[in-house]
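The data block below is final_11.tsv; it holds TSV, C-alpha atoms.
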```
chain	number	residue	atom	x	y	z
A	1	MET	CA	0.00	0.00	0.00
A	2	ASP	CA	1.22	3.50	-0.78
A	3	THR	CA	2.90	5.20	2.19
A	4	LEU	CA	0.65	8.27	2.09
A	5	LEU	CA	-2.49	6.19	1.69
A	6	ASP	CA	-1.44	3.87	4.52
A	7	THR	CA	-0.59	6.80	6.80
A	8	VAL	CA	-3.81	8.68	6.12
A	9	THR	CA	-5.89	5.55	6.72
A	10	THR	CA	-4.07	4.69	9.94
A	11	ALA	CA	-4.61	8.26	11.19
A	12	GLY	CA	-8.39	7.80	10.80
A	13	LEU	CA	-8.72	10.35	8.01
A	14	ALA	CA	-9.70	7.97	5.20
A	15	ASP	CA	-13.34	9.11	5.19
A	16	ARG	CA	-12.65	12.74	6.04
A	17	ILE	CA	-11.52	15.88	4.32
A	18	PHE	CA	-8.19	17.02	5.70
A	19	ASN	CA	-5.96	20.06	5.35
A	20	GLU	CA	-2.31	20.66	4.61
A	21	ARG	CA	-1.32	20.94	8.25
A	22	GLN	CA	-2.96	17.64	9.16
A	23	LEU	CA	-1.22	15.99	6.22
A	24	ASP	CA	2.16	17.43	7.25
A	25	ASP	CA	1.64	16.29	10.86
A	26	ILE	CA	0.87	12.67	10.01
A	27	LEU	CA	3.45	12.31	7.22
A	28	GLY	CA	6.34	13.94	9.07
A	29	GLY	CA	9.80	14.02	7.53
A	30	SER	CA	11.29	16.68	5.28
A	31	ASN	CA	9.36	19.04	3.01
A	32	ALA	CA	10.85	17.31	-0.02
A	33	ARG	CA	9.67	13.89	1.18
A	34	ARG	CA	6.14	15.11	1.88
A	35	TYR	CA	6.03	16.91	-1.46
A	36	GLY	CA	7.04	13.72	-3.27
A	37	LEU	CA	4.45	11.59	-1.46
A	38	VAL	CA	1.63	14.05	-2.15
A	39	ASN	CA	2.50	14.44	-5.83
A	40	ARG	CA	2.71	10.69	-6.35
A	41	ALA	CA	-0.64	10.16	-4.64
A	42	LEU	CA	-2.25	12.92	-6.71
A	43	LYS	CA	-0.97	11.32	-9.92
A	44	ASP	CA	-2.18	7.80	-9.11
A	45	GLY	CA	-5.59	9.06	-7.90
A	46	SER	CA	-5.29	7.87	-4.32
A	47	LEU	CA	-5.36	11.52	-3.21
A	48	LEU	CA	-7.64	14.26	-4.55
A	49	ARG	CA	-7.02	17.98	-4.12
A	50	LEU	CA	-10.24	19.97	-3.62
A	51	LYS	CA	-8.35	23.26	-3.58
A	52	ARG	CA	-4.99	24.42	-2.31
A	53	GLY	CA	-4.52	22.92	1.14
A	54	ARG	CA	-7.66	20.72	1.16
A	55	TYR	CA	-7.59	17.01	0.33
A	56	LEU	CA	-9.49	13.73	0.51
A	57	LEU	CA	-8.72	10.19	-0.53
A	58	GLY	CA	-9.89	8.93	-3.91
A	59	THR	CA	-13.30	7.25	-4.04
A	60	ARG	CA	-11.97	3.67	-4.18
A	61	TYR	CA	-10.02	4.21	-0.96
A	62	ARG	CA	-12.97	5.48	1.07
A	63	SER	CA	-15.59	3.34	2.80
A	64	GLU	CA	-18.35	5.67	1.56
A	65	PRO	CA	-18.63	8.38	-1.11
A	66	VAL	CA	-18.26	11.97	0.05
A	67	HIS	CA	-21.41	14.09	-0.29
A	68	PRO	CA	-21.10	17.35	-2.29
A	69	PHE	CA	-22.56	19.31	0.65
A	70	VAL	CA	-19.67	18.16	2.85
A	71	VAL	CA	-17.17	19.11	0.14
A	72	SER	CA	-18.77	22.53	-0.08
A	73	GLN	CA	-18.22	23.17	3.64
A	74	ALA	CA	-14.57	22.19	3.29
A	75	LEU	CA	-14.03	24.53	0.35
A	76	VAL	CA	-15.36	27.57	2.22
A	77	PRO	CA	-15.54	26.98	5.99
A	78	GLY	CA	-18.38	28.90	7.63
A	79	SER	CA	-20.64	28.70	4.58
A	80	TYR	CA	-23.96	26.88	4.39
A	81	ILE	CA	-25.93	25.21	1.58
A	82	SER	CA	-28.78	27.37	0.27
A	83	PHE	CA	-30.63	28.72	-2.81
A	84	GLU	CA	-31.89	26.17	-5.37
A	85	THR	CA	-29.53	23.53	-3.97
A	86	ALA	CA	-31.23	23.52	-0.58
A	87	LEU	CA	-34.70	23.84	-2.11
A	88	ALA	CA	-34.06	20.77	-4.27
A	89	TYR	CA	-32.65	18.89	-1.26
A	90	HIS	CA	-35.88	19.56	0.65
A	91	GLY	CA	-37.99	18.54	-2.36
A	92	TRP	CA	-39.39	22.04	-2.90
A	93	ILE	CA	-38.42	22.38	-6.57
A	94	PRO	CA	-38.59	19.66	-9.21
A	95	GLU	CA	-35.50	20.60	-11.23
A	96	ALA	CA	-32.18	18.85	-10.78
A	97	VAL	CA	-29.47	21.19	-9.54
A	98	PHE	CA	-25.98	20.56	-10.90
A	99	THR	CA	-24.03	23.22	-9.00
A	100	THR	CA	-23.85	23.13	-5.21
A	101	SER	CA	-24.60	26.71	-4.16
A	102	SER	CA	-23.96	28.20	-0.74
A	103	VAL	CA	-24.09	31.43	1.20
A	104	SER	CA	-20.62	32.45	2.33
A	105	PRO	CA	-19.55	34.78	5.12
A	106	GLY	CA	-17.07	36.51	2.80
A	107	ARG	CA	-17.48	39.51	0.54
A	108	LYS	CA	-16.82	38.03	-2.89
A	109	THR	CA	-18.59	35.43	-5.00
A	110	VAL	CA	-16.24	32.53	-5.64
A	111	SER	CA	-16.60	29.24	-7.49
A	112	TYR	CA	-14.70	25.97	-7.76
A	113	ASP	CA	-14.85	23.15	-10.28
A	114	VAL	CA	-13.70	19.94	-8.62
A	115	PRO	CA	-13.12	17.03	-11.02
A	116	SER	CA	-15.48	14.08	-10.36
A	117	LEU	CA	-17.33	16.09	-7.70
A	118	GLY	CA	-18.88	18.93	-9.72
A	119	GLY	CA	-19.20	22.69	-9.48
A	120	PHE	CA	-19.49	24.74	-6.30
A	121	SER	CA	-20.46	28.40	-5.95
A	122	PHE	CA	-20.42	30.69	-2.93
A	123	HIS	CA	-22.29	33.98	-2.64
A	124	PRO	CA	-22.20	36.64	0.08
A	125	LEU	CA	-25.50	38.26	1.11
A	126	ALA	CA	-26.40	41.43	2.98
A	127	VAL	CA	-27.43	39.82	6.26
A	128	GLN	CA	-26.91	40.65	9.90
A	129	HIS	CA	-23.79	38.88	11.12
A	130	TYR	CA	-25.37	37.75	14.39
A	131	ARG	CA	-28.29	36.19	12.43
A	132	PHE	CA	-26.17	34.53	9.75
A	133	LEU	CA	-27.25	30.97	10.64
A	134	ALA	CA	-30.91	31.67	11.45
A	135	GLY	CA	-33.07	29.03	9.77
A	136	VAL	CA	-30.02	26.88	9.03
A	137	ASN	CA	-29.73	23.32	10.35
A	138	ARG	CA	-27.02	20.71	10.62
A	139	ALA	CA	-27.56	17.64	8.41
A	140	LYS	CA	-25.65	14.36	8.56
A	141	PHE	CA	-24.24	12.70	5.45
A	142	GLY	CA	-22.63	9.43	6.37
A	143	GLY	CA	-20.13	10.14	9.10
A	144	LEU	CA	-19.81	13.83	8.23
A	145	THR	CA	-22.10	16.85	8.58
A	146	SER	CA	-23.03	19.97	6.66
A	147	LEU	CA	-25.03	23.12	7.34
A	148	VAL	CA	-28.16	23.34	5.18
A	149	ALA	CA	-30.70	26.17	5.01
A	150	GLY	CA	-34.30	25.26	5.73
A	151	PRO	CA	-36.77	25.76	2.85
A	152	LEU	CA	-37.88	29.27	3.83
A	153	ARG	CA	-34.33	30.48	4.49
A	154	ALA	CA	-33.19	29.05	1.15
A	155	LEU	CA	-36.07	30.77	-0.65
A	156	MET	CA	-35.44	34.12	1.02
A	157	ASP	CA	-31.72	33.84	0.35
A	158	LEU	CA	-32.59	33.40	-3.32
A	159	VAL	CA	-34.81	36.47	-3.17
A	160	ALA	CA	-31.91	38.42	-1.68
A	161	LEU	CA	-29.42	37.11	-4.24
A	162	ARG	CA	-31.63	37.90	-7.24
A	163	LYS	CA	-32.90	41.15	-5.74
A	164	GLU	CA	-36.49	40.03	-6.35
A	165	ARG	CA	-39.30	42.39	-5.37
A	166	TRP	CA	-42.68	41.19	-4.21
A	167	SER	CA	-45.21	40.96	-7.03
A	168	GLY	CA	-47.49	38.26	-5.67
A	169	LEU	CA	-47.23	34.48	-5.47
A	170	ALA	CA	-46.81	34.09	-9.23
A	171	TRP	CA	-43.01	34.20	-8.97
A	172	VAL	CA	-43.07	31.47	-6.32
A	173	PHE	CA	-45.53	29.22	-8.16
A	174	GLU	CA	-44.53	29.82	-11.77
A	175	GLY	CA	-41.00	31.15	-11.53
A	176	MET	CA	-39.75	28.71	-8.92
A	177	ARG	CA	-42.37	25.97	-9.49
A	178	ILE	CA	-42.92	25.62	-5.76
A	179	GLU	CA	-46.24	23.96	-5.01
A	180	GLU	CA	-48.99	25.27	-2.77
A	181	THR	CA	-48.67	22.32	-0.38
A	182	GLN	CA	-45.09	23.34	0.39
A	183	LEU	CA	-46.07	26.93	1.16
A	184	ARG	CA	-48.88	25.67	3.39
A	185	SER	CA	-46.32	23.82	5.48
A	186	LEU	CA	-44.86	27.15	6.59
A	187	HIS	CA	-46.06	28.72	9.84
A	188	HIS	CA	-45.58	32.00	11.65
A	189	LYS	CA	-42.74	30.54	13.71
A	190	ASP	CA	-40.80	29.86	10.51
A	191	PHE	CA	-41.04	33.49	9.48
A	192	ALA	CA	-40.37	34.72	13.03
A	193	ALA	CA	-37.14	32.68	13.04
A	194	LEU	CA	-35.89	34.84	10.15
A	195	ALA	CA	-36.71	38.15	11.78
A	196	GLN	CA	-33.91	40.71	11.46
A	197	VAL	CA	-31.82	38.48	9.18
A	198	TYR	CA	-31.74	40.61	6.03
A	199	LYS	CA	-30.48	44.18	5.74
A	200	HIS	CA	-32.21	45.28	2.53
A	201	ARG	CA	-35.73	46.68	2.84
A	202	ALA	CA	-36.96	44.96	-0.34
A	203	VAL	CA	-36.09	41.51	1.06
A	204	ILE	CA	-37.72	42.30	4.40
A	205	ASP	CA	-40.87	43.50	2.61
A	206	PHE	CA	-40.90	40.37	0.43
A	207	GLN	CA	-40.81	38.17	3.52
A	208	VAL	CA	-43.65	40.10	5.18
A	209	GLU	CA	-45.82	39.97	2.05
A	210	LEU	CA	-45.10	36.27	1.53
A	211	GLU	CA	-46.31	35.44	5.03
A	212	ARG	CA	-49.45	37.54	4.51
A	213	ALA	CA	-50.19	35.80	1.23
A	214	ILE	CA	-49.74	32.34	2.74
A	215	THR	CA	-51.94	33.26	5.71
A	216	ALA	CA	-54.66	34.54	3.34
A	217	MET	CA	-54.38	31.41	1.21
A	218	LYS	CA	-54.87	29.17	4.23
A	219	ALA	CA	-57.82	31.25	5.47
A	220	ALA	CA	-59.54	31.13	2.08
A	221	SER	CA	-59.54	27.33	2.06
A	222	GLN	CA	-61.08	26.95	5.50
```
Turn the structure described in the file into structure tokens.
Amino acid sequence: MDTLLDTVTTAGLADRIFNERQLDDILGGSNARRYGLVNRALKDGSLLRLKRGRYLLGTRYRSEPVHPFVVSQALVPGSYISFETALAYHGWIPEAVFTTSSVSPGRKTVSYDVPSLGGFSFHPLAVQHYRFLAGVNRAKFGGLTSLVAGPLRALMDLVALRKERWSGLAWVFEGMRIEETQLRSLHHKDFAALAQVYKHRAVIDFQVELERAITAMKAASQ
């Protein structure tokens, strides 16, 4: 077995994403030796580089495949899965989503294309720092976890990203193809949980009007 592969497995990192410092610690030796081991492993596919300083073992050397959501968290620590990606995960939109999109705590939109794992995009939003993770939950994927926005948070993040203004439920039903049953599953507590999250007035107004429209829709069917 390859020395790097053997060492990583023995260290208990075979099914994890690890960084440069962890790799240096477990490999030891000179810089030249570590450099040679990493390059050889990258060439034979036993080691994959997600980005500079972030690695995982190749698929055949792991006991389970790594989920794209977990990869996303490793690419930009502190981010969380949102937008269409989270809506599709929750079954709120019918379309397949091929790029894993997240909200990042940074100031610039960044993207990564990771061979065999797909595309990843990260977008900053104008939100209150102390409310950054409101409506976001931890989800488990195998032995690893990821932060994923709930349906309403993902929808409102999309509103904020696209700078959508409230024009009625048509955008939700026709533009996003979200069904009425999904909107009916939302309650006041869901909207209250997102209070004071967004900075822009248009997003705040959209959230208020969306709750009013859902409340009216429920009342009309009673």
For each of A:Lys108, A:Leu5, A:Arg21, A:Ala139, take the minimum atom-to-atom distance to Arg60 in chain A, counting only C-alpha atoms, then give the residue where this is smallest.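 The closest residue to Arg60 in chain A is A:Leu5.
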Separation of CA of Trp166 in chain A from CA of Asp205 in chain A in Å:
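Between CA of Asp205 in chain A and CA of Trp166 in chain A the gap works out to 7.4 Å.
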Gap from CA of Arg52 in chain A to CA of Leu158 in chain A - Å, one decimal:
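That distance, rounded to one decimal, is 29.0 Å.
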(request) Do a neighbour search on range 70-78 of chain A at 8 Å with all atoms listed in the file, toss out local chain neighbours closer than 3 positions, and write the hits as a VMD selection string. (result) chain A and resid 17 50 to 51 54 66 to 67 81 100 102 104 to 105 120 122 141 144 to 147
**Request:** Please work out which residues fall within 12 Å of (-15.8, 2.7, 2.7), coordinates as given in the file, with only C-alpha atoms counting, and return them as JSON, numbers by chain.
**Result:** {"A": [9, 13, 14, 15, 16, 57, 58, 59, 60, 61, 62, 63, 64, 65, 66, 142, 143]}
Interatomic distance, CA of Pro124 in chain A to CA of Ala96 in chain A (Å, one decimal):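 The value is 23.1 Å.
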Note to self: At a cut-off of 12 Å, using all atoms listed in the file, what residues contact Val159 in chain A? Leave out same-chain residues fewer than 3 positions from it and give the result as JSON, numbers by chain.
What the structure shows: {"A": [82, 83, 84, 125, 126, 152, 153, 154, 155, 156, 162, 163, 164, 165, 166, 167, 171, 172, 175, 176, 198, 200, 201, 202, 203, 204, 205, 206, 207, 210]}
Exercise: Thr7 in chain A partners within 12 Å, all atoms listed in the file, chain neighbours under 3 positions left out, as a PyMOL selection string
chain A and resi 1-4+10-14+22-28+34+37-38+41+57
Do a neighbour search on range 181-194 of chain A at 10 Å with all atoms listed in the file, toss out local chain neighbours closer than 4 positions, and write the hits as an MDAnalysis selection string. chainID A and resid 90:93 131:136 150:153 156 172:173 198 204 207:208 210:215 217:218
